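Here the structure is laid out as structure tokens; the discussion comes afterwards.
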Amino acid sequence: MIQNAWLIPVFPLIAFLILLFIGRFLKEKSSYVGITALALSFILSVMVLFERIGGETYTYVIDWITFGELTISMGYEVTPLNAMMLIVVTLVSLVVHIFSREYMHDDKRIHIFFAYLGLFSFSMLGLILAPNVLQLFIFWELVGLMSYLLVGFWYFKPEAAAAAKKAFLTTRIGDVGLLIGLVILFNQTGSFDYADIYAAVEGGMINETLITTIALLIFMGAVGKSAQFPLHVWLPDAMEGPTPVSALIHAATMVAAGVYLVGVMYPLFLASSTAMTVVAYTGAITAFFAATMALVMTDIKRVLAYSTISQLGFMILALGTAGYVAGLFHLMTHAFFKALLFLGAGSVIYAVHHRQDIRDMGGLWGKMKITSITFLIGALAISGVFPLAGFWSKEEILASALLNGDGFLFTIALVTAFMTAFYMFRLFFKTFTGEYRGGDHDDAHANDPGVDAYGAADVAEADNPRDDSMDEETHVSPAEDHDHHDSPKENSGFMTFPLIVLASMAVVAGFVNLPFLGYPLEGFLTEGINVGSQPHGELWLAFVSLAVAGAGIALAWAMYYKGSISEDYFASKAPGVHKLLINKYYLDEVYTAVFVRPTVAIGRFFWEMDKSIVDGIVNLIGRSTSSTGRTAGRRHNGQLQTYGLVSILGGIVVIALAFVLRGYFG
Amino acid sequence: MVPITLFLALAAILFCIGLYGVLTRRHLVIVLASIEIMLNSVNINLVAFSAIGPFANISGQVFSLFIITVAAAEAAVGLAILIALYRNRNSIDVIKHDLLRW
Amino acid sequence: MTAQMTFFIILALIAIVSSVLVMALRTISHRVVSMAFSFFAIAGLYFLLGAEFIGIIQIMVYVGAITILFVFGMMMTEHRNIGFGPDPRKIQQVVSFLGVATLLGIMLYGIFSMDLPTTPQPYVGSVEAIGLELYGHYFIAFLGSAFLLTSALIGAVVIARKEADE
């Protein structure tokens, strides 16, 4: 089966092609195409994983381009790392497809949505299977494109269009670095293949400064894609996309690509201690700052977005402190529980009529049993509560920060873990406990993608008359679907089933690397790749980690459930800090002032230059040409004899010149 | 014998008369006639060089034969075009045929 | 002043004057006749040069055939009304005259400044010599001119006839 691993990305691609051509006739049924394709991919991934566990790394490459003595190959490769990633991506993608079937069923462009999801899955799986960095880069860019398309799926919302552009441009900054890094790497090693690169690095063929440069440039790509500080600004804005997309891209797969990139390039990073330090500190800073911002956000998806950034920071921190397995282990577990949390949030948003502000929620515990329980599991998992998935992976990250990093990194990691628990349970308590605060609100909410979507869909209808045929039967506006003053209720099985699947994964995923069993995942992942020895924490560290998580949860409980500490206690104590956090450290403003404005000013300057000087010259040439043309055109009277006369005169001039200048005719 | 320069001068004069006619006459038949005169002047040159030139030989006369042939063909086709033109546009005034402008 | 010189001057004058008359006469038929005279005079010059064959061909083709063709062309078109009204292109005429006069001046200057020897006896090209040359050296060109004539014949017929059918 492992030989057929290439089929895994092909199934979503086929789904994409099918939906591209006949999606408009399938409408809602197009979801089944996507679900089927992803289910096949998932089954295949599981088979590949089991085969890989017992077997060898399988590589299949063909020559793609040959120039001179260099050959660039393409193909696919099944290593332990990407076998694991295949499972993660296909599973998350599959449940997101199932979830979207219900979540998006009112949307006019549902078939396009599923086509995008298929293409996105294809790109991500292709990225994972790539046997060399060039192929990885191609799929990397494709993933970036899909992110743009999916974030901007509701392109008629100005915020969504802006967010899509922001996501694309911000990640592009990192991609430039990545590309430069890859070019230098190719220049040094003469190959894009992972194996050759590892060999070159370990054989000491590249000097140290250059390795550091390359590693940092490649890390830039990861910073952009994985939303690390200072390029993290796109991820919260990307929450303008549909919630399933947030779950798929911005929680589980695309942002994981950056971490994955560091993972596959790990020997390169290991060879440079400077690069490792930069990576570790970037991760730590990101984790900390994102967590602080998550403390104060009131939009349910934005809290999760900052939480994602923070957790990605954790992974990067782990990788930067030699915790290769810890980082990738957390990548896997995080994918499950973050997808779970996002889909849970999507379920809530759907139930409360596309409202996203947690101040409008509350008291959903009794009304949405399955969503509540699974969300609780997700929150516990991300907080790192024994024995859920997050506990095991986070404990390892703390261990690697402690053993290989310095005290600063460890402290930051602990504080961030505390904050993680706090903001997750703040979110949980605000959303699911207390009184329902959304009922008497007016429905016209500023942040309401659903309503906007229908408004624009009606506009889009006019452009696309074919949509009208089924309109009367199928077009059910959300207002008719659920009565607004009805209290929220549990969603159908299409939404709850993915939650249950992911919740169970969030529970069990941590067991693959149990210390009692001798860290099976570690043995699997470190096979065939030299990443150094892996740090393992002692027992007391687990208790510290648990205690920190418990403290965070307790504080949240006290503030938002019990009410024994006022909710704005901290905000009133330090209003400046609170304001700073609410405004996301003013980073957007700073970027606008430092980068955007000067760029615009320079652009304007050159535009003016262009308009007055360059255009002036061009216009002058153009105008003189056209006036010459007009003058000559008036001579152009169609009279054969005039033409003859002119050519004769020309001939006479030539003869006269020859006569005068060259002295012909004697 | 008459010096060859006189023949050449005669040919030049005839050529220029023909050229002037081509450039200024409005009647298409006369334009064609002017072209014939120009061709004739060339023939005079050829025959003169063939007979009394510095390297007198037969080639000039052969060439003048070819030119006469071409002139005959040209006259036939030219007049056929003239007739067709006249039938279509009902005029043989050169000024009226300014279709080249379009 | 030899007899040859006398003949040359007479024939040259006839040729030039009748050529000018082709441009200057008012009636189109007179112009065509004047053109025939010009051709005649040129044929006379050929005889003077000892190129009898070319002279005869000149008379047969130009005077006999081409002039007749012109007469037909003249008859089939607008031959009564020769005047097209006042010529709107005065500048054209003046510039043409100046240009052509310049050209003539340059050519005459060039011709007379050439130092060409005067041959006492003209080279006489016999018909036999022409025939040998034509069928030997210039055979391909000869065939080519045959094709040219054939296609000109067909072309003339087609061009003149096609429009008539419609």
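Convention: chains lettered A, B, ... in structure tokens order; per-chain residue numbering from 1; ligands numbered from 1 as shown.
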Requested in this report: as a PyMOL selection string, list the residues of range 21-122 of chain C assigned to alpha helix (DSSP H) by DSSP on the backbone atoms of this structure.
Outcome: chain C and resi 21-24+28-48+52-58+67-76+90-113
Put those residues in a file: C-alpha atoms, as an mmCIF file, in the first residue's frame.
```cif
data_model
loop_
_atom_site.group_PDB
_atom_site.id
_atom_site.type_symbol
_atom_site.label_atom_id
_atom_site.label_comp_id
_atom_site.auth_asym_id
_atom_site.auth_seq_id
_atom_site.Cartn_x
_atom_site.Cartn_y
_atom_site.Cartn_z
ATOM 1 C CA LEU C 21 3.704 66.091 -78.292
ATOM 2 C CA VAL C 22 2.432 62.931 -76.588
ATOM 3 C CA MET C 23 2.323 65.032 -73.446
ATOM 4 C CA ALA C 24 1.157 68.243 -74.994
ATOM 5 C CA ILE C 28 -6.029 61.583 -77.406
ATOM 6 C CA SER C 29 -5.871 60.025 -80.883
ATOM 7 C CA HIS C 30 -3.321 62.597 -81.951
ATOM 8 C CA ARG C 31 -1.255 61.724 -78.954
ATOM 9 C CA VAL C 32 -1.254 58.036 -79.816
ATOM 10 C CA VAL C 33 -0.227 58.815 -83.390
ATOM 11 C CA SER C 34 2.523 61.047 -82.083
ATOM 12 C CA MET C 35 3.715 58.174 -79.903
ATOM 13 C CA ALA C 36 3.846 55.936 -82.989
ATOM 14 C CA PHE C 37 6.046 58.530 -84.693
ATOM 15 C CA SER C 38 8.358 58.529 -81.752
ATOM 16 C CA PHE C 39 8.664 54.752 -81.957
ATOM 17 C CA PHE C 40 9.342 55.003 -85.661
ATOM 18 C CA ALA C 41 12.127 57.472 -85.080
ATOM 19 C CA ILE C 42 13.669 55.212 -82.491
ATOM 20 C CA ALA C 43 13.498 52.314 -84.933
ATOM 21 C CA GLY C 44 15.320 54.529 -87.399
ATOM 22 C CA LEU C 45 18.040 55.085 -84.828
ATOM 23 C CA TYR C 46 18.431 51.319 -84.476
ATOM 24 C CA PHE C 47 18.953 51.041 -88.229
ATOM 25 C CA LEU C 48 21.493 53.803 -87.959
ATOM 26 C CA GLU C 52 18.424 46.012 -88.219
ATOM 27 C CA PHE C 53 16.767 43.109 -86.465
ATOM 28 C CA ILE C 54 15.942 45.130 -83.380
ATOM 29 C CA GLY C 55 14.759 47.967 -85.595
ATOM 30 C CA ILE C 56 12.368 45.654 -87.405
ATOM 31 C CA ILE C 57 11.142 44.152 -84.181
ATOM 32 C CA GLN C 58 10.669 47.668 -82.845
ATOM 33 C CA THR C 67 0.130 51.351 -80.788
ATOM 34 C CA ILE C 68 -2.854 49.381 -82.071
ATOM 35 C CA LEU C 69 -3.482 48.180 -78.546
ATOM 36 C CA PHE C 70 -3.446 51.771 -77.387
ATOM 37 C CA VAL C 71 -5.875 52.686 -80.054
ATOM 38 C CA PHE C 72 -8.203 49.972 -78.860
ATOM 39 C CA GLY C 73 -7.738 51.049 -75.267
ATOM 40 C CA MET C 74 -8.494 54.582 -76.268
ATOM 41 C CA MET C 75 -11.564 53.601 -78.220
ATOM 42 C CA MET C 76 -13.034 51.511 -75.430
ATOM 43 C CA LYS C 90 -0.407 72.799 -59.840
ATOM 44 C CA ILE C 91 2.195 72.077 -57.162
ATOM 45 C CA GLN C 92 2.461 68.518 -58.352
ATOM 46 C CA GLN C 93 3.260 69.688 -61.864
ATOM 47 C CA VAL C 94 5.782 72.267 -60.812
ATOM 48 C CA VAL C 95 7.559 69.967 -58.418
ATOM 49 C CA SER C 96 7.537 67.173 -60.968
ATOM 50 C CA PHE C 97 9.023 69.435 -63.555
ATOM 51 C CA LEU C 98 11.734 70.672 -61.215
ATOM 52 C CA GLY C 99 12.529 67.178 -60.002
ATOM 53 C CA VAL C 100 12.674 65.688 -63.477
ATOM 54 C CA ALA C 101 14.738 68.620 -64.750
ATOM 55 C CA THR C 102 17.221 68.123 -61.902
ATOM 56 C CA LEU C 103 17.425 64.439 -62.696
ATOM 57 C CA LEU C 104 17.989 65.204 -66.350
ATOM 58 C CA GLY C 105 20.633 67.759 -65.505
ATOM 59 C CA ILE C 106 22.516 65.292 -63.326
ATOM 60 C CA MET C 107 22.283 62.575 -65.963
ATOM 61 C CA LEU C 108 23.412 64.812 -68.786
ATOM 62 C CA TYR C 109 26.277 66.111 -66.705
ATOM 63 C CA GLY C 110 27.279 62.570 -65.909
ATOM 64 C CA ILE C 111 26.995 61.459 -69.527
ATOM 65 C CA PHE C 112 28.966 64.299 -70.980
ATOM 66 C CA SER C 113 31.654 64.141 -68.380
#
```
Can you write out as JSON lines which residues of chain B fall within 10 Å of chain A, alongside each residue's closest atom pair and its distance in Å to one decimal, counting only C-alpha atoms and ordering rows by chain and ascending residue number?
```
{"residue": "B:Leu19", "atom": "CA", "partner": "A:Ile648", "partner_atom": "CA", "distance": 9.1}
{"residue": "B:Tyr20", "atom": "CA", "partner": "A:Leu645", "partner_atom": "CA", "distance": 9.2}
{"residue": "B:Gly21", "atom": "CA", "partner": "A:Gln641", "partner_atom": "CA", "distance": 10.0}
{"residue": "B:Val22", "atom": "CA", "partner": "A:Gln641", "partner_atom": "CA", "distance": 7.2}
{"residue": "B:Leu23", "atom": "CA", "partner": "A:Gln641", "partner_atom": "CA", "distance": 5.1}
{"residue": "B:Thr24", "atom": "CA", "partner": "A:Gln641", "partner_atom": "CA", "distance": 6.9}
{"residue": "B:Arg25", "atom": "CA", "partner": "A:Gln641", "partner_atom": "CA", "distance": 8.8}
{"residue": "B:Arg26", "atom": "CA", "partner": "A:Gln641", "partner_atom": "CA", "distance": 9.1}
{"residue": "B:Val31", "atom": "CA", "partner": "A:Gln641", "partner_atom": "CA", "distance": 9.9}
{"residue": "B:Val94", "atom": "CA", "partner": "A:Gln639", "partner_atom": "CA", "distance": 7.6}
{"residue": "B:Ile95", "atom": "CA", "partner": "A:Gln639", "partner_atom": "CA", "distance": 6.4}
{"residue": "B:Lys96", "atom": "CA", "partner": "A:Gln639", "partner_atom": "CA", "distance": 8.4}
{"residue": "B:His97", "atom": "CA", "partner": "A:Gln639", "partner_atom": "CA", "distance": 7.2}
{"residue": "B:Asp98", "atom": "CA", "partner": "A:Gly638", "partner_atom": "CA", "distance": 4.3}
{"residue": "B:Leu99", "atom": "CA", "partner": "A:Gly638", "partner_atom": "CA", "distance": 6.0}
{"residue": "B:Leu100", "atom": "CA", "partner": "A:Gly638", "partner_atom": "CA", "distance": 4.6}
{"residue": "B:Arg101", "atom": "CA", "partner": "A:Gly638", "partner_atom": "CA", "distance": 4.0}
{"residue": "B:Trp102", "atom": "CA", "partner": "A:Gly638", "partner_atom": "CA", "distance": 7.6}
```
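Across the structure, CA of Thr36 in chain A and CA of Glu240 in chain A are spaced 27.4 Å apart.
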**Report entry** Selected residue, from A:Ser564, A:Thr631, A:Asn491, A:Ser393, that lies nearest to His536 in chain A when counting only C-alpha atoms
**Finding:** A:Ser393
Requested in this report: Show which residues sit within 7 Å of range 50-65 of chain B, as a list in words. Count only C-alpha atoms, and ignore same-chain residues fewer than 5 positions away.
Outcome: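 After dropping sequence-adjacent residues, the list is Ile4 and Asn43 of chain B; Leu49, Ile54, Pro117, Thr119, Pro122, Tyr123, Val124, Gly125, Ile130 and Leu134 of chain C.
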Report summary line: CA of Phe342 in chain A sits from CA of Ala251 in chain A at a separation of 7.7 Å
Query raised in the report: What separation in Å, quoted to one decimal, exists between CA of Leu127 in chain A and CA of Leu13 in chain A?
Result: 13.4 Å
**Report entry** Nearest-residue call for Leu46 in chain B, choices C:Val20, C:Ala51, C:Gly144, C:Gln4, using only C-alpha atoms
**Finding:** C:Ala51
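Between Pro3 in chain B and the candidates C:Met114, C:Ile159, C:Ile140, C:Ile10, the tightest atom-to-atom separation, counting only C-alpha atoms, involves C:Met114.
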Report task. May I have the residues within 12 Å of Ala547 in chain A as a PyMOL selection string, using only C-alpha atoms and disregarding those fewer than 5 positions away in the same chain? Result -> chain A and resi 383-386+391+395+414-415+417-418+421+540-542+552-554
Query raised in the report: With only C-alpha atoms as the atoms that count, which of C:Leu149, C:Gly64, C:Thr77, C:Ile59 lies nearest to Asp93 in chain B?
Result: C:Thr77
Requested in this report: Can you pull out every residue within 10 Å of range 205-209 of chain A, counting only C-alpha atoms, but drop anything in the same chain fewer than 3 positions away, and send it as a PyMOL selection string?
Outcome: chain A and resi 185+188-189+197+199-202+212-215+271-274
Those residues you just picked out, can you put them in a file as a compact mmCIF listing (two decimals), in the first residue's frame with C-alpha atoms?
```txt
# COMPACT_ATOMS: atom_id res chain seq x y z
CA LEU A 185 21.08 25.74 -0.06
CA GLN A 188 25.85 24.84 -1.71
CA THR A 189 24.67 21.27 -1.94
CA ILE A 197 20.97 18.08 2.32
CA ALA A 199 24.36 14.43 4.27
CA ALA A 200 25.89 17.75 3.24
CA VAL A 201 25.15 19.31 6.60
CA GLU A 202 26.42 16.39 8.60
CA THR A 212 23.12 29.80 10.10
CA THR A 213 22.08 32.11 7.26
CA ILE A 214 20.26 29.36 5.43
CA ALA A 215 18.56 28.11 8.58
CA ALA A 271 24.01 22.32 13.00
CA SER A 272 23.75 25.97 13.97
CA SER A 273 23.38 26.92 17.59
CA THR A 274 22.64 30.55 16.66
```
Requested in this report: Using only C-alpha atoms, pick whichever of C:Leu116, C:Val157, C:Val127, C:Ala141 has the shortest atom-to-atom distance to chain A.
Outcome: C:Leu116
Using only C-alpha atoms, which protein or nucleic acid residues come within 10 Å of Phe429 in chain A? Drop anything in the same chain fewer than 4 positions from it, and give the result as a PDB file with C-alpha atoms, in the first residue's frame.
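So part-v2.pdb came out as:
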```
ATOM      1  CA  ILE A 358     -18.606  35.671  23.843  1.00  0.00           C
ATOM      2  CA  MET A 361     -23.233  33.838  24.721  1.00  0.00           C
ATOM      3  CA  GLY A 362     -23.445  31.925  27.935  1.00  0.00           C
ATOM      4  CA  GLY A 363     -25.572  29.230  29.422  1.00  0.00           C
ATOM      5  CA  LEU A 364     -25.205  26.889  26.545  1.00  0.00           C
ATOM      6  CA  TRP A 365     -24.196  23.975  28.723  1.00  0.00           C
ATOM      7  CA  LEU A 376     -14.684  21.055  27.557  1.00  0.00           C
ATOM      8  CA  TYR A 423      -8.023  32.049  28.730  1.00  0.00           C
ATOM      9  CA  MET A 424      -9.397  28.730  27.570  1.00  0.00           C
ATOM     10  CA  PHE A 425     -11.540  28.410  30.643  1.00  0.00           C
ATOM     11  CA  THR A 433     -22.125  28.691  31.799  1.00  0.00           C
ATOM     12  CA  GLY A 434     -24.185  31.414  33.355  1.00  0.00           C
ATOM     13  CA  ALA A 556     -10.889  31.453  35.470  1.00  0.00           C
ATOM     14  CA  TRP A 557     -13.432  29.568  37.524  1.00  0.00           C
ATOM     15  CA  MET A 559     -13.576  35.030  37.924  1.00  0.00           C
ATOM     16  CA  TYR A 560     -16.086  33.878  35.394  1.00  0.00           C
ATOM     17  CA  TYR A 561     -18.106  31.151  37.069  1.00  0.00           C
ATOM     18  CA  LYS A 562     -18.132  31.788  40.744  1.00  0.00           C
TER      19      LYS A 562
END
```
